[in-house]
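Everything on this sheet refers to the single structure shown next.
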Amino acid sequence: MELFREQSDLRIGKVVEISGTSIRVEMDPAITELTRTIEGRVYAVGQLASVVKIHYGRRVLFAYVRMLRMKSELLSDEGQHQRILPGDDSRILEADLFAEGTWSPVQAELSYSRGVETYPLPLQSVYLTTTDELEALYESAERVAGEEVVTPLVSLGEYVGANGAQCRANIDRLFSQHCAVLGSTGSGKSGTVAALLHSILEHKDAQERPLKPRIVLIDPHGEYAAAFPGKSTVYSAYTASAGSEPDGGSAELKLPFWTMSGDELRTLIIGKTEAEATSQNNIIYKALKHSRMVGAGIVKPLREEVKGDQEEEYVDGKSAIDALAFDRDKPVKFSIAEFRRHIDEVQGRKENEVKPLAKTERKSVESILDKLSVLESDPRLRFIMADHQETLQDILQQFVGSRDAQGQLRIVDISGLPNEVAGILTAAIARILFNYKVWQKREERERDPIVLVCEEAHRYVPDRGDAQYREAQDAVRRVAREGRKYGLGLMLVSQRPADVESTVLSQCSSWIVLRLTNGADQEHVSRFLPDSLAGLTKILSSLSRREAVFVGEAAALPSRIKIRKLEEGQLPRSADIRYSLGWTQTPLSDDELTDVVTRWTGY
């Protein structure tokens, strides 16, 4: 059958109303069943998110079906009860125009144009789009998108209902303008992230050169290491965690206290319940500035016999001007012992000294010192509190650079960490990467673009003002707002988009949305989609596993897709535990219980 011609078998109705890109179509009364069989293929009439077409000579307009309902219901909703005729069972199809094209029968090619310049007129006929026509539409859209980039697009999956036509994503737009992967638990969200990353790792350009992506993935459940054996390096924040058993290269994460900003260190030490304690904040900020100035060689270390009222001694050639101009957040290595001594001996003056502290002030000092002792003794925080000998360059090379022979995918496994520490860690990584990009030259940024993937993003940038998340919110928000200028992209992954901070989500320009069953999540997503695509959210609750709606700048055209299927060894360990299978097997033995306890306690 010739493509894109007006064929009576495909006609389903006529346009009765045009409002911007929205149209209403009155269905043909002769349609008694909502299916059509054409050349042995059965097509559903009025299927949500299906594509219908309107002919303008050789020009064809395309629209997504948003709703199909009875005309009497529509008139009732609009308060036009007097127009409802008894026995009127006519149906109204509502659709959103999204693209147009010109069909060339000689070249058998569709010239695709995103958006709509020509609008239909009332009483124009509306037709079904066949599977072959859909395939031609998608191929044309991706051909136009491919002309805008030097390298081919990266395969993401297949378009639904288009003879297996490949859906590909524009890498530059996907990451430089940020993106989000959203979906309820069990919808295939982690598999979608893995499929996208595998496609990038497998991709080769026109000269057959493989990509070397610089991707840092925050993994809160320790599930992604299994998906990339030999292609990633896994940094475990807490090596005793049950989830930190990577199949690829592994190493202990090192993100020592001296790499943190003043606000991050304050939050770690004071905690969420005392975040507004101004006196404690000032104690930490003063001790931090002094300790870093010692590390920078501006002031001398405190002597053991120092008294509380003694002023700081400057190193030869240094002065108070150098101290005033010093940035306390500059990542200068310092000693935790010097930090503690400044709090205890300088700010925590003893009761028998000339200027004794008030009891409340001394209590603040003792509280900070006690919390420091607790942090230093917590094995989960060894990567922060241990006296690591690494330099700032060594710390950076965990996330950037070419040290890893196996690949440039860096997975930071933070399973086993409490939420308040996970938030601070994410904040520190986001801030370090951002500052790294800021201090690069333009040519270095162009050679070294980085993507930060925040899995379970609602844990670090929630849509509420809890003190424990403040630093992570600020850091990730800054990446979302300014990262694209410096070559730092962001991918947010979440099962609860309604709980992710709106400011950060609104900065994403591409969306892969899998099944969402929660009404609040669906409504939240619809706010960020263009008005002409908001109707697509109506099908989100009915998507099957691995099915998604792909919209935004990285998509050749908004579409319903099936994410590519991965082999067992390429999938994250995120599958649900099978109770029926587990309960058919023998429970753990005493020796196996001992092994679990050893991993739990560390001894």
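Chain labels follow the order of the structure tokens: the first chain is A, the next B, and so on; residue numbering restarts at 1 in every chain, and ligands are counted from 1 in their shown order.
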
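If you count only C-alpha atoms and ignore residues fewer than 2 places along the chain from Asn518 in chain A, what sits within 9 Å of it is A:Ser184, A:Arg496, A:Leu516, A:Ala520, A:Asp521, A:Gln522, A:Glu523, A:Ser541.
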
Please report, as JSON lines, each residue of range 367-401 of chain A lying at most 9 Å from range 201-218 of chain A, together with the nearest pair of atoms and the separation in Å rounded to one decimal; use only C-alpha atoms, and order rows by chain and ascending residue number.
{"residue": "A:Phe399", "atom": "CA", "partner": "A:Val216", "partner_atom": "CA", "distance": 6.4}
{"residue": "A:Val400", "atom": "CA", "partner": "A:Arg214", "partner_atom": "CA", "distance": 6.8}
{"residue": "A:Gly401", "atom": "CA", "partner": "A:Arg214", "partner_atom": "CA", "distance": 8.4}

Would you save the residues of that selection, restricted to all heavy atoms, as a tab-separated table (two decimals), in the first residue's frame?
chain	number	residue	atom	x	y	z
A	399	PHE	N	36.86	10.14	40.52
A	399	PHE	CA	35.69	10.50	39.73
A	399	PHE	C	36.02	10.94	38.30
A	399	PHE	O	35.17	10.84	37.41
A	399	PHE	CB	34.91	11.63	40.42
A	399	PHE	CG	34.71	11.42	41.88
A	399	PHE	CD1	35.27	12.27	42.82
A	399	PHE	CD2	33.96	10.35	42.34
A	399	PHE	CE1	35.08	12.08	44.18
A	399	PHE	CE2	33.77	10.14	43.70
A	399	PHE	CZ	34.34	11.00	44.62
A	400	VAL	N	37.22	11.44	38.08
A	400	VAL	CA	37.60	11.96	36.77
A	400	VAL	C	38.99	11.46	36.41
A	400	VAL	O	39.64	10.78	37.19
A	400	VAL	CB	37.57	13.51	36.74
A	400	VAL	CG1	36.19	14.03	37.04
A	400	VAL	CG2	38.58	14.08	37.74
A	401	GLY	N	39.47	11.82	35.22
A	401	GLY	CA	40.80	11.41	34.81
A	401	GLY	C	40.79	10.05	34.15
A	401	GLY	O	39.74	9.43	33.96

Problem set entry | Among listed residues A:Asp591, A:Glu446, A:Glu133, A:Asp96, nearest Gly161 in chain A (using only C-alpha atoms) | A:Glu133

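Every protein or nucleic acid residue with an atom no more than 10 Å from Glu33 in chain A, counting only C-alpha atoms and leaving out same-chain residues fewer than 3 positions away, appears here: Ala30, Arg36, Ala44 and Val45 of chain A.
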
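Here CA of Leu68 in chain A stands at a distance of 10.8 Å from CA of Ser90 in chain A.
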
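For the set A:Ser509, A:Asn170, A:Asn281, A:Thr259, the residue with the smallest atom-to-atom gap to Phe383 in chain A is A:Thr259, counting only C-alpha atoms.
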
Exercise. Which residues in range 307-482 of chain A does DSSP call helix (DSSP H, G or I)? List them as a ChimeraX atom specification.
Worked result: /A:320-324,336-347,359-377,379-385,392-396,419-438,442-447,457-459,467-482

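Checking A:Leu268, A:Val234, A:Ile414, A:Ile368 one by one against Gln280 in chain A, counting only C-alpha atoms, you find the shortest gap at A:Ile368.
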
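Within the 12 Å cut-off around Phe528 in chain A, using only C-alpha atoms and omitting residues fewer than 3 positions from it on the same chain, the listed residues are Cys179, Ala180, Pro497, Ala498, Ser502, Thr503, Val504, Leu505, Ser506, Gln507, Cys508, Ser509, Ser510, Trp511, Val513, Asp521, Gln522, Glu523, His524, Val525, Asp531, Ser532, Leu533, Ala534, Thr537, Val551 and Gly552 of chain A.
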
For this session: Please identify all polymer residues within 12 Å of Gly297 in chain A, counting only C-alpha atoms, omitting same-chain residues fewer than 3 positions from it, and present them as an NGL selection string.
Result: :A and (290-294 or 300-301 or 313-319 or 322-323 or 326 or 332-334)
